[in-house]
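Chemist: This is structure_4.txt (compact mmCIF, N, CA and C atoms).
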# COMPACT_ATOMS: atom_id res chain seq x y z
N MET A 13 84.95 -66.64 -116.07
CA MET A 13 83.94 -66.23 -117.02
C MET A 13 83.23 -65.01 -116.44
N GLY A 14 83.05 -63.97 -117.25
CA GLY A 14 82.41 -62.75 -116.78
C GLY A 14 80.91 -62.88 -116.70
N ARG A 15 80.32 -61.87 -116.09
CA ARG A 15 78.86 -61.87 -115.94
C ARG A 15 78.15 -61.83 -117.28
N ARG A 16 78.67 -61.02 -118.18
CA ARG A 16 78.03 -60.89 -119.50
C ARG A 16 78.08 -62.20 -120.26
N GLU A 17 79.22 -62.91 -120.19
CA GLU A 17 79.33 -64.18 -120.90
C GLU A 17 78.40 -65.21 -120.31
N GLN A 18 78.26 -65.25 -118.98
CA GLN A 18 77.33 -66.19 -118.34
C GLN A 18 75.90 -65.87 -118.75
N ALA A 19 75.55 -64.58 -118.76
CA ALA A 19 74.18 -64.20 -119.12
C ALA A 19 73.88 -64.54 -120.56
N ALA A 20 74.88 -64.45 -121.44
CA ALA A 20 74.65 -64.76 -122.84
C ALA A 20 74.48 -66.26 -123.07
N GLU A 21 75.13 -67.09 -122.25
CA GLU A 21 75.07 -68.53 -122.45
C GLU A 21 73.84 -69.17 -121.82
N GLU A 22 73.40 -68.67 -120.69
CA GLU A 22 72.29 -69.29 -119.98
C GLU A 22 70.96 -68.71 -120.44
N PRO A 23 70.02 -69.58 -120.87
CA PRO A 23 68.70 -69.07 -121.25
C PRO A 23 67.95 -68.58 -120.02
N THR A 24 67.12 -67.60 -120.24
CA THR A 24 66.36 -67.06 -119.11
C THR A 24 65.23 -68.01 -118.76
N GLU A 25 64.64 -67.79 -117.60
CA GLU A 25 63.58 -68.67 -117.12
C GLU A 25 62.35 -68.59 -118.03
N THR A 26 62.06 -67.41 -118.56
CA THR A 26 60.89 -67.28 -119.44
C THR A 26 61.11 -68.01 -120.75
N GLU A 27 62.35 -68.06 -121.27
CA GLU A 27 62.62 -68.81 -122.49
C GLU A 27 62.42 -70.30 -122.26
N GLU A 28 62.87 -70.80 -121.10
CA GLU A 28 62.68 -72.21 -120.80
C GLU A 28 61.19 -72.54 -120.67
N ARG A 29 60.45 -71.66 -120.02
CA ARG A 29 59.01 -71.89 -119.86
C ARG A 29 58.29 -71.88 -121.20
N SER A 30 58.66 -70.94 -122.09
CA SER A 30 57.98 -70.86 -123.37
C SER A 30 58.29 -72.09 -124.23
N ALA A 31 59.51 -72.61 -124.15
CA ALA A 31 59.84 -73.82 -124.90
C ALA A 31 59.07 -75.01 -124.35
N LEU A 32 58.98 -75.09 -123.05
CA LEU A 32 58.23 -76.18 -122.42
C LEU A 32 56.74 -76.06 -122.75
N ALA A 33 56.22 -74.85 -122.72
CA ALA A 33 54.80 -74.64 -123.05
C ALA A 33 54.52 -75.02 -124.50
N GLY A 34 55.42 -74.71 -125.39
CA GLY A 34 55.26 -75.08 -126.80
C GLY A 34 55.25 -76.59 -126.98
N ALA A 35 56.13 -77.28 -126.27
CA ALA A 35 56.17 -78.74 -126.36
C ALA A 35 54.89 -79.35 -125.81
N VAL A 36 54.37 -78.81 -124.72
CA VAL A 36 53.13 -79.32 -124.14
C VAL A 36 51.96 -79.13 -125.11
N VAL A 37 51.90 -77.97 -125.76
CA VAL A 37 50.83 -77.71 -126.73
C VAL A 37 50.90 -78.69 -127.89
N VAL A 38 52.11 -78.96 -128.41
CA VAL A 38 52.25 -79.90 -129.53
C VAL A 38 51.82 -81.30 -129.11
N VAL A 39 52.23 -81.74 -127.93
CA VAL A 39 51.85 -83.07 -127.46
C VAL A 39 50.34 -83.18 -127.29
N LEU A 40 49.71 -82.16 -126.73
CA LEU A 40 48.25 -82.18 -126.56
C LEU A 40 47.53 -82.21 -127.90
N LEU A 41 48.00 -81.43 -128.87
CA LEU A 41 47.37 -81.44 -130.20
C LEU A 41 47.51 -82.81 -130.86
N LEU A 42 48.69 -83.41 -130.74
CA LEU A 42 48.86 -84.74 -131.31
C LEU A 42 47.98 -85.77 -130.61
N ALA A 43 47.84 -85.65 -129.30
CA ALA A 43 46.97 -86.58 -128.57
C ALA A 43 45.53 -86.45 -129.03
N VAL A 44 45.07 -85.23 -129.27
CA VAL A 44 43.69 -85.03 -129.75
C VAL A 44 43.52 -85.62 -131.14
N VAL A 45 44.49 -85.38 -132.03
CA VAL A 45 44.39 -85.90 -133.40
C VAL A 45 44.39 -87.43 -133.39
N PHE A 46 45.34 -88.04 -132.67
CA PHE A 46 45.38 -89.50 -132.65
C PHE A 46 44.19 -90.09 -131.90
N GLY A 47 43.72 -89.40 -130.89
CA GLY A 47 42.51 -89.87 -130.19
C GLY A 47 41.30 -89.87 -131.12
N ALA A 48 41.17 -88.83 -131.92
CA ALA A 48 40.06 -88.75 -132.88
C ALA A 48 40.18 -89.86 -133.93
N LEU A 49 41.40 -90.10 -134.41
CA LEU A 49 41.58 -91.16 -135.40
C LEU A 49 41.24 -92.54 -134.82
N PHE A 50 41.66 -92.81 -133.59
CA PHE A 50 41.33 -94.10 -132.97
C PHE A 50 39.83 -94.19 -132.69
N ALA A 51 39.18 -93.06 -132.40
CA ALA A 51 37.74 -93.09 -132.16
C ALA A 51 36.98 -93.41 -133.45
N VAL A 52 37.48 -92.91 -134.58
CA VAL A 52 36.83 -93.17 -135.86
C VAL A 52 37.05 -94.62 -136.27
N SER A 53 38.30 -95.05 -136.24
CA SER A 53 38.62 -96.41 -136.67
C SER A 53 39.95 -96.83 -136.05
N ASP A 54 39.98 -98.07 -135.56
CA ASP A 54 41.23 -98.58 -135.00
C ASP A 54 42.30 -98.68 -136.09
N ALA A 55 41.91 -99.11 -137.27
CA ALA A 55 42.87 -99.26 -138.37
C ALA A 55 43.45 -97.90 -138.76
N ALA A 56 42.62 -96.87 -138.81
CA ALA A 56 43.10 -95.54 -139.17
C ALA A 56 44.06 -95.01 -138.09
N GLY A 57 43.77 -95.27 -136.83
CA GLY A 57 44.66 -94.84 -135.75
C GLY A 57 46.01 -95.54 -135.81
N ILE A 58 45.99 -96.84 -136.06
CA ILE A 58 47.23 -97.61 -136.15
C ILE A 58 48.04 -97.16 -137.36
N LEU A 59 47.36 -96.98 -138.49
CA LEU A 59 48.05 -96.53 -139.71
C LEU A 59 48.67 -95.15 -139.50
N ALA A 60 47.96 -94.24 -138.85
CA ALA A 60 48.48 -92.91 -138.60
C ALA A 60 49.66 -92.96 -137.63
N THR A 61 49.60 -93.83 -136.64
CA THR A 61 50.71 -93.98 -135.69
C THR A 61 51.95 -94.50 -136.39
N VAL A 62 51.80 -95.51 -137.24
CA VAL A 62 52.93 -96.06 -137.98
C VAL A 62 53.51 -95.00 -138.91
N ALA A 63 52.65 -94.25 -139.58
CA ALA A 63 53.12 -93.20 -140.50
C ALA A 63 53.86 -92.10 -139.75
N ALA A 64 53.35 -91.70 -138.59
CA ALA A 64 54.01 -90.66 -137.80
C ALA A 64 55.37 -91.15 -137.28
N CYS A 65 55.45 -92.39 -136.84
CA CYS A 65 56.72 -92.93 -136.36
C CYS A 65 57.73 -93.05 -137.50
N THR A 66 57.27 -93.48 -138.67
CA THR A 66 58.15 -93.58 -139.83
C THR A 66 58.68 -92.20 -140.21
N ALA A 67 57.80 -91.20 -140.22
CA ALA A 67 58.23 -89.84 -140.55
C ALA A 67 59.22 -89.29 -139.52
N ALA A 68 59.00 -89.59 -138.24
CA ALA A 68 59.91 -89.12 -137.19
C ALA A 68 61.29 -89.76 -137.32
N VAL A 69 61.33 -91.06 -137.62
CA VAL A 69 62.61 -91.74 -137.80
C VAL A 69 63.33 -91.21 -139.03
N TRP A 70 62.60 -91.03 -140.13
CA TRP A 70 63.20 -90.50 -141.36
C TRP A 70 63.77 -89.10 -141.11
N TRP A 71 63.02 -88.25 -140.42
CA TRP A 71 63.49 -86.89 -140.14
C TRP A 71 64.75 -86.91 -139.29
N SER A 72 64.78 -87.77 -138.26
CA SER A 72 65.95 -87.80 -137.37
C SER A 72 67.18 -88.35 -138.09
N VAL A 73 67.00 -89.23 -139.05
CA VAL A 73 68.13 -89.79 -139.78
C VAL A 73 68.67 -88.80 -140.81
N THR A 74 67.80 -88.04 -141.44
CA THR A 74 68.25 -87.17 -142.54
C THR A 74 68.62 -85.75 -142.11
N ARG A 75 68.29 -85.32 -140.90
CA ARG A 75 68.60 -83.94 -140.52
C ARG A 75 70.09 -83.81 -140.23
N ARG A 76 70.60 -82.62 -140.50
CA ARG A 76 72.01 -82.34 -140.27
C ARG A 76 72.25 -81.99 -138.81
N VAL A 77 73.32 -82.51 -138.27
CA VAL A 77 73.71 -82.22 -136.90
C VAL A 77 74.84 -81.20 -136.96
N SER A 78 74.81 -80.23 -136.06
CA SER A 78 75.85 -79.21 -136.07
C SER A 78 77.20 -79.83 -135.80
N ASP A 79 78.22 -79.26 -136.39
CA ASP A 79 79.58 -79.75 -136.23
C ASP A 79 80.12 -79.33 -134.87
N SER A 80 80.42 -80.30 -134.03
CA SER A 80 80.89 -79.97 -132.68
C SER A 80 82.33 -79.48 -132.69
N SER A 81 83.03 -79.64 -133.82
CA SER A 81 84.41 -79.19 -133.89
C SER A 81 84.51 -77.80 -134.50
N ALA A 82 83.43 -77.04 -134.44
CA ALA A 82 83.47 -75.68 -134.97
C ALA A 82 84.48 -74.86 -134.19
N PRO A 83 85.18 -73.97 -134.86
CA PRO A 83 86.20 -73.20 -134.16
C PRO A 83 85.59 -72.28 -133.11
N PRO A 84 86.25 -72.12 -131.99
CA PRO A 84 85.73 -71.22 -130.97
C PRO A 84 85.83 -69.77 -131.41
N PRO A 85 85.03 -68.91 -130.83
CA PRO A 85 85.14 -67.50 -131.21
C PRO A 85 86.49 -66.96 -130.78
N PRO A 86 87.02 -66.00 -131.52
CA PRO A 86 88.33 -65.47 -131.16
C PRO A 86 88.29 -64.81 -129.79
N GLY A 87 89.39 -64.92 -129.09
CA GLY A 87 89.48 -64.32 -127.77
C GLY A 87 89.45 -62.81 -127.84
N GLU A 88 89.17 -62.19 -126.70
CA GLU A 88 89.11 -60.74 -126.67
C GLU A 88 90.47 -60.13 -127.00
N GLN A 89 91.54 -60.76 -126.55
CA GLN A 89 92.87 -60.22 -126.80
C GLN A 89 93.53 -61.03 -127.90
N ARG A 90 93.57 -60.47 -129.07
CA ARG A 90 94.21 -61.08 -130.21
C ARG A 90 95.71 -60.87 -130.07
N PRO A 91 96.53 -61.88 -130.42
CA PRO A 91 97.97 -61.70 -130.28
C PRO A 91 98.46 -60.59 -131.20
N SER A 92 99.47 -59.89 -130.76
CA SER A 92 99.99 -58.80 -131.60
C SER A 92 101.51 -58.82 -131.58
N CYS A 93 102.08 -58.27 -132.63
CA CYS A 93 103.52 -58.11 -132.74
C CYS A 93 103.78 -56.88 -133.60
N ARG A 94 105.06 -56.54 -133.76
CA ARG A 94 105.39 -55.37 -134.58
C ARG A 94 104.89 -55.54 -136.01
N GLU A 95 105.00 -56.75 -136.54
CA GLU A 95 104.66 -56.99 -137.94
C GLU A 95 103.17 -56.86 -138.24
N CYS A 96 102.31 -57.24 -137.30
CA CYS A 96 100.89 -57.32 -137.63
C CYS A 96 100.08 -56.08 -137.21
N ALA A 97 100.72 -55.00 -136.91
CA ALA A 97 99.99 -53.76 -136.59
C ALA A 97 99.24 -53.28 -137.83
N GLY A 98 97.94 -53.10 -137.70
CA GLY A 98 97.10 -52.64 -138.82
C GLY A 98 96.62 -53.74 -139.74
N HIS A 99 96.91 -54.99 -139.43
CA HIS A 99 96.47 -56.10 -140.27
C HIS A 99 94.97 -56.36 -140.08
N THR A 100 94.36 -56.95 -141.09
CA THR A 100 92.97 -57.38 -141.03
C THR A 100 92.92 -58.84 -140.62
N LEU A 101 92.11 -59.17 -139.60
CA LEU A 101 91.99 -60.55 -139.15
C LEU A 101 91.22 -61.35 -140.20
N ILE A 102 91.84 -62.43 -140.68
CA ILE A 102 91.21 -63.28 -141.70
C ILE A 102 90.39 -64.39 -141.04
N GLY A 103 90.98 -65.04 -140.05
CA GLY A 103 90.26 -66.13 -139.42
C GLY A 103 90.98 -66.65 -138.19
N VAL A 104 90.22 -67.41 -137.40
CA VAL A 104 90.74 -68.05 -136.20
C VAL A 104 90.29 -69.50 -136.25
N ALA A 105 91.23 -70.42 -136.00
CA ALA A 105 90.91 -71.85 -136.02
C ALA A 105 91.64 -72.54 -134.89
N PRO A 106 91.07 -73.64 -134.36
CA PRO A 106 91.78 -74.38 -133.32
C PRO A 106 92.96 -75.12 -133.92
N LEU A 107 94.02 -75.26 -133.17
CA LEU A 107 95.21 -75.97 -133.62
C LEU A 107 95.00 -77.46 -133.40
N GLU A 108 95.11 -78.24 -134.47
CA GLU A 108 94.92 -79.68 -134.39
C GLU A 108 95.98 -80.29 -133.48
N GLY A 109 95.58 -81.13 -132.57
CA GLY A 109 96.50 -81.83 -131.71
C GLY A 109 96.99 -81.03 -130.51
N GLN A 110 96.63 -79.77 -130.42
CA GLN A 110 97.04 -78.94 -129.29
C GLN A 110 95.80 -78.31 -128.70
N LYS A 111 95.22 -78.95 -127.70
CA LYS A 111 94.00 -78.43 -127.10
C LYS A 111 94.29 -77.10 -126.41
N GLY A 112 93.41 -76.13 -126.60
CA GLY A 112 93.55 -74.83 -125.97
C GLY A 112 94.41 -73.85 -126.75
N MET A 113 94.79 -74.20 -127.98
CA MET A 113 95.61 -73.30 -128.79
C MET A 113 94.81 -72.88 -130.03
N LEU A 114 95.00 -71.64 -130.46
CA LEU A 114 94.31 -71.11 -131.63
C LEU A 114 95.32 -70.61 -132.66
N ILE A 115 94.94 -70.70 -133.94
CA ILE A 115 95.75 -70.15 -135.02
C ILE A 115 95.06 -68.88 -135.50
N TYR A 116 95.73 -67.75 -135.38
CA TYR A 116 95.21 -66.46 -135.84
C TYR A 116 95.87 -66.14 -137.17
N LYS A 117 95.04 -65.85 -138.20
CA LYS A 117 95.57 -65.48 -139.52
C LYS A 117 95.17 -64.04 -139.81
N SER A 118 96.12 -63.23 -140.24
CA SER A 118 95.83 -61.84 -140.57
C SER A 118 96.55 -61.48 -141.87
N ALA A 119 96.09 -60.42 -142.51
CA ALA A 119 96.68 -59.98 -143.78
C ALA A 119 96.98 -58.49 -143.72
N PRO A 120 98.15 -58.09 -144.21
CA PRO A 120 98.47 -56.67 -144.26
C PRO A 120 97.68 -56.00 -145.38
N PRO A 121 97.32 -54.72 -145.20
CA PRO A 121 96.52 -54.05 -146.23
C PRO A 121 97.28 -53.84 -147.54
N ASP A 122 98.61 -53.70 -147.50
CA ASP A 122 99.36 -53.43 -148.72
C ASP A 122 99.80 -54.69 -149.46
N ARG A 123 99.70 -55.88 -148.81
CA ARG A 123 100.08 -57.15 -149.45
C ARG A 123 98.96 -58.16 -149.25
N PRO A 124 97.93 -58.17 -150.10
CA PRO A 124 96.77 -59.04 -149.88
C PRO A 124 97.06 -60.53 -150.04
N ASN A 125 98.13 -60.90 -150.75
CA ASN A 125 98.43 -62.32 -150.94
C ASN A 125 99.32 -62.88 -149.83
N HIS A 126 99.67 -62.06 -148.86
CA HIS A 126 100.52 -62.49 -147.74
C HIS A 126 99.65 -62.76 -146.52
N THR A 127 99.90 -63.86 -145.84
CA THR A 127 99.17 -64.19 -144.62
C THR A 127 100.14 -64.26 -143.46
N HIS A 128 99.83 -63.55 -142.39
CA HIS A 128 100.63 -63.54 -141.18
C HIS A 128 99.94 -64.47 -140.18
N VAL A 129 100.68 -65.38 -139.56
CA VAL A 129 100.10 -66.40 -138.69
C VAL A 129 100.67 -66.28 -137.28
N HIS A 130 99.78 -66.39 -136.29
CA HIS A 130 100.16 -66.48 -134.88
C HIS A 130 99.52 -67.73 -134.30
N ILE A 131 100.24 -68.43 -133.45
CA ILE A 131 99.69 -69.54 -132.70
C ILE A 131 99.74 -69.12 -131.24
N ALA A 132 98.57 -69.06 -130.59
CA ALA A 132 98.49 -68.55 -129.24
C ALA A 132 97.48 -69.35 -128.43
N PRO A 133 97.64 -69.38 -127.11
CA PRO A 133 96.66 -70.08 -126.27
C PRO A 133 95.33 -69.32 -126.24
N THR A 134 94.26 -70.04 -125.95
CA THR A 134 92.96 -69.40 -125.85
C THR A 134 92.94 -68.49 -124.63
N ALA A 135 91.94 -67.62 -124.57
CA ALA A 135 91.85 -66.65 -123.47
C ALA A 135 91.76 -67.33 -122.12
N ASP A 136 91.04 -68.48 -122.02
CA ASP A 136 90.92 -69.16 -120.74
C ASP A 136 92.21 -69.87 -120.35
N GLN A 137 93.11 -70.14 -121.29
CA GLN A 137 94.40 -70.75 -120.99
C GLN A 137 95.38 -69.74 -120.42
N ASP A 138 95.21 -68.45 -120.82
CA ASP A 138 96.11 -67.39 -120.35
C ASP A 138 95.96 -67.17 -118.86
N ALA A 139 94.74 -67.22 -118.36
CA ALA A 139 94.47 -66.88 -116.96
C ALA A 139 94.92 -67.94 -115.99
Show me, as structure tokens, the structure contained in the file I just sent.

Modeler:
Amino acid sequence: MGRREQAAEEPTETEERSALAGAVVVVLLLAVVFGALFAVSDAAGILATVAACTAAVWWSVTRRVSDSSAPPPPGEQRPSCRECAGHTLIGVAPLEGQKGMLIYKSAPPDRPNHTHVHIAPTADQDA
């Protein structure tokens, strides 16, 4: 993995600190709000706690989770042959049942209904 790829994947120290600082601020604000509610009335504090927990569970159940089987980004070196010179890349998808293999689809400019297909290993498999 190159330096640029590592730098793009790893968050910087300031990003981690700002995320942590944001979480601390939210927790402190919630503590103040719930503390005030419990100071006013025990019943109001308990009711607010139950409502907040119910809302948190509902949110976690209904939110969409990203698809972990999303296709990887195409490698830097796209497969080439005599036939696909000048073709437009249509898409790249992982090959089902063959870990580390990608399907490259391209189309020639003069025949838009024709799809040219290559099956090739991922860039990290080549090395």

Chemist: My list of candidates is A:Ala119, A:Leu114, A:Ala60, A:Val104. Which is closest to Val45 in chain A when distances are computed with only C-alpha atoms?

Modeler: A:Ala60

Chemist: Looking at only C-alpha atoms, which of A:Ala33, A:Ala51, A:Leu59, A:Ala132 is the one that sits closest to Lys111 in chain A?

Modeler: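 Among the listed residues, the smallest separation from Lys111 in chain A belongs to A:Ala132.
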
Chemist: Work out how far apart atom N of Leu32 in chain A and atom C of Ala56 in chain A are and give it in Å to one decimal.

Modeler: 29.1 Å

Chemist: What's the separation between atom C of Glu108 in chain A and atom C of His126 in chain A, in Å to one decimal place?

Modeler: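 Going from atom C of Glu108 in chain A over to atom C of His126 in chain A covers 22.2 Å.
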
Chemist: Please measure the separation of atom N of Val77 in chain A and atom C of Leu42 in chain A, giving the value in Å to one decimal.

Modeler: 26.7 Å

Chemist: For Gly112 in chain A, please output as a list in words all residues within 8 Å (counting only C-alpha atoms; exclusion window: fewer than 4 positions along the same chain).

Modeler: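 The residues satisfying every condition are Pro106, Leu107, Pro133, Thr134 and Gln137 of chain A.
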
Chemist: Can you spit out the residues from that selection as a short mmCIF file (atom, residue, chain, number, x, y, z; two decimals), in the coordinates of the input, using N, CA and C atoms?

Modeler:
data_model
loop_
_atom_site.label_atom_id
_atom_site.label_comp_id
_atom_site.auth_asym_id
_atom_site.auth_seq_id
_atom_site.Cartn_x
_atom_site.Cartn_y
_atom_site.Cartn_z
N PRO A 106 91.07 -73.64 -134.36
CA PRO A 106 91.78 -74.38 -133.32
C PRO A 106 92.96 -75.12 -133.92
N LEU A 107 94.02 -75.26 -133.17
CA LEU A 107 95.21 -75.97 -133.62
C LEU A 107 95.00 -77.46 -133.40
N PRO A 133 97.64 -69.38 -127.11
CA PRO A 133 96.66 -70.08 -126.27
C PRO A 133 95.33 -69.32 -126.24
N THR A 134 94.26 -70.04 -125.95
CA THR A 134 92.96 -69.40 -125.85
C THR A 134 92.94 -68.49 -124.63
N GLN A 137 93.11 -70.14 -121.29
CA GLN A 137 94.40 -70.75 -120.99
C GLN A 137 95.38 -69.74 -120.42
#

Chemist: At the level of N, CA, C and O atoms, write range 43-60 of chain A to a file as a PDB file, in the first residue's frame, please.

Modeler:
ATOM      1  N   ALA A  43     -26.381  15.128  30.108  1.00  0.00           N
ATOM      2  CA  ALA A  43     -26.312  15.005  31.572  1.00  0.00           C
ATOM      3  C   ALA A  43     -26.952  16.210  32.247  1.00  0.00           C
ATOM      4  O   ALA A  43     -27.674  16.070  33.245  1.00  0.00           O
ATOM      5  N   VAL A  44     -26.716  17.393  31.712  1.00  0.00           N
ATOM      6  CA  VAL A  44     -27.316  18.611  32.289  1.00  0.00           C
ATOM      7  C   VAL A  44     -28.832  18.576  32.142  1.00  0.00           C
ATOM      8  O   VAL A  44     -29.579  18.875  33.088  1.00  0.00           O
ATOM      9  N   VAL A  45     -29.320  18.187  30.956  1.00  0.00           N
ATOM     10  CA  VAL A  45     -30.768  18.144  30.722  1.00  0.00           C
ATOM     11  C   VAL A  45     -31.430  17.124  31.639  1.00  0.00           C
ATOM     12  O   VAL A  45     -32.445  17.424  32.304  1.00  0.00           O
ATOM     13  N   PHE A  46     -30.876  15.904  31.696  1.00  0.00           N
ATOM     14  CA  PHE A  46     -31.488  14.883  32.554  1.00  0.00           C
ATOM     15  C   PHE A  46     -31.319  15.224  34.034  1.00  0.00           C
ATOM     16  O   PHE A  46     -32.208  14.940  34.841  1.00  0.00           O
ATOM     17  N   GLY A  47     -30.220  15.850  34.388  1.00  0.00           N
ATOM     18  CA  GLY A  47     -30.052  16.291  35.778  1.00  0.00           C
ATOM     19  C   GLY A  47     -31.105  17.317  36.171  1.00  0.00           C
ATOM     20  O   GLY A  47     -31.664  17.266  37.268  1.00  0.00           O
ATOM     21  N   ALA A  48     -31.383  18.257  35.271  1.00  0.00           N
ATOM     22  CA  ALA A  48     -32.413  19.267  35.534  1.00  0.00           C
ATOM     23  C   ALA A  48     -33.787  18.618  35.649  1.00  0.00           C
ATOM     24  O   ALA A  48     -34.593  18.994  36.517  1.00  0.00           O
ATOM     25  N   LEU A  49     -34.077  17.658  34.776  1.00  0.00           N
ATOM     26  CA  LEU A  49     -35.377  16.982  34.843  1.00  0.00           C
ATOM     27  C   LEU A  49     -35.531  16.211  36.158  1.00  0.00           C
ATOM     28  O   LEU A  49     -36.599  16.233  36.777  1.00  0.00           O
ATOM     29  N   PHE A  50     -34.491  15.511  36.591  1.00  0.00           N
ATOM     30  CA  PHE A  50     -34.571  14.786  37.860  1.00  0.00           C
ATOM     31  C   PHE A  50     -34.657  15.752  39.040  1.00  0.00           C
ATOM     32  O   PHE A  50     -35.278  15.439  40.057  1.00  0.00           O
ATOM     33  N   ALA A  51     -34.044  16.928  38.913  1.00  0.00           N
ATOM     34  CA  ALA A  51     -34.128  17.914  39.993  1.00  0.00           C
ATOM     35  C   ALA A  51     -35.545  18.461  40.117  1.00  0.00           C
ATOM     36  O   ALA A  51     -36.028  18.715  41.224  1.00  0.00           O
ATOM     37  N   VAL A  52     -36.220  18.636  38.981  1.00  0.00           N
ATOM     38  CA  VAL A  52     -37.595  19.144  38.997  1.00  0.00           C
ATOM     39  C   VAL A  52     -38.541  18.084  39.534  1.00  0.00           C
ATOM     40  O   VAL A  52     -39.361  18.346  40.417  1.00  0.00           O
ATOM     41  N   SER A  53     -38.450  16.886  38.981  1.00  0.00           N
ATOM     42  CA  SER A  53     -39.359  15.822  39.389  1.00  0.00           C
ATOM     43  C   SER A  53     -38.741  14.474  39.039  1.00  0.00           C
ATOM     44  O   SER A  53     -38.222  14.289  37.933  1.00  0.00           O
ATOM     45  N   ASP A  54     -38.843  13.535  39.982  1.00  0.00           N
ATOM     46  CA  ASP A  54     -38.326  12.193  39.705  1.00  0.00           C
ATOM     47  C   ASP A  54     -39.109  11.539  38.569  1.00  0.00           C
ATOM     48  O   ASP A  54     -38.533  10.865  37.712  1.00  0.00           O
ATOM     49  N   ALA A  55     -40.413  11.734  38.563  1.00  0.00           N
ATOM     50  CA  ALA A  55     -41.257  11.130  37.526  1.00  0.00           C
ATOM     51  C   ALA A  55     -40.893  11.690  36.144  1.00  0.00           C
ATOM     52  O   ALA A  55     -40.829  10.950  35.162  1.00  0.00           O
ATOM     53  N   ALA A  56     -40.651  12.986  36.062  1.00  0.00           N
ATOM     54  CA  ALA A  56     -40.288  13.594  34.780  1.00  0.00           C
ATOM     55  C   ALA A  56     -38.928  13.073  34.306  1.00  0.00           C
ATOM     56  O   ALA A  56     -38.737  12.808  33.110  1.00  0.00           O
ATOM     57  N   GLY A  57     -37.990  12.889  35.216  1.00  0.00           N
ATOM     58  CA  GLY A  57     -36.678  12.350  34.851  1.00  0.00           C
ATOM     59  C   GLY A  57     -36.763  10.922  34.352  1.00  0.00           C
ATOM     60  O   GLY A  57     -36.126  10.558  33.356  1.00  0.00           O
ATOM     61  N   ILE A  58     -37.558  10.106  35.034  1.00  0.00           N
ATOM     62  CA  ILE A  58     -37.723   8.709  34.629  1.00  0.00           C
ATOM     63  C   ILE A  58     -38.433   8.634  33.285  1.00  0.00           C
ATOM     64  O   ILE A  58     -38.039   7.871  32.401  1.00  0.00           O
ATOM     65  N   LEU A  59     -39.482   9.434  33.122  1.00  0.00           N
ATOM     66  CA  LEU A  59     -40.223   9.451  31.853  1.00  0.00           C
ATOM     67  C   LEU A  59     -39.316   9.891  30.701  1.00  0.00           C
ATOM     68  O   LEU A  59     -39.337   9.303  29.617  1.00  0.00           O
ATOM     69  N   ALA A  60     -38.490  10.904  30.917  1.00  0.00           N
ATOM     70  CA  ALA A  60     -37.581  11.379  29.883  1.00  0.00           C
ATOM     71  C   ALA A  60     -36.518  10.327  29.561  1.00  0.00           C
ATOM     72  O   ALA A  60     -36.145  10.140  28.396  1.00  0.00           O
TER      73      ALA A  60
END
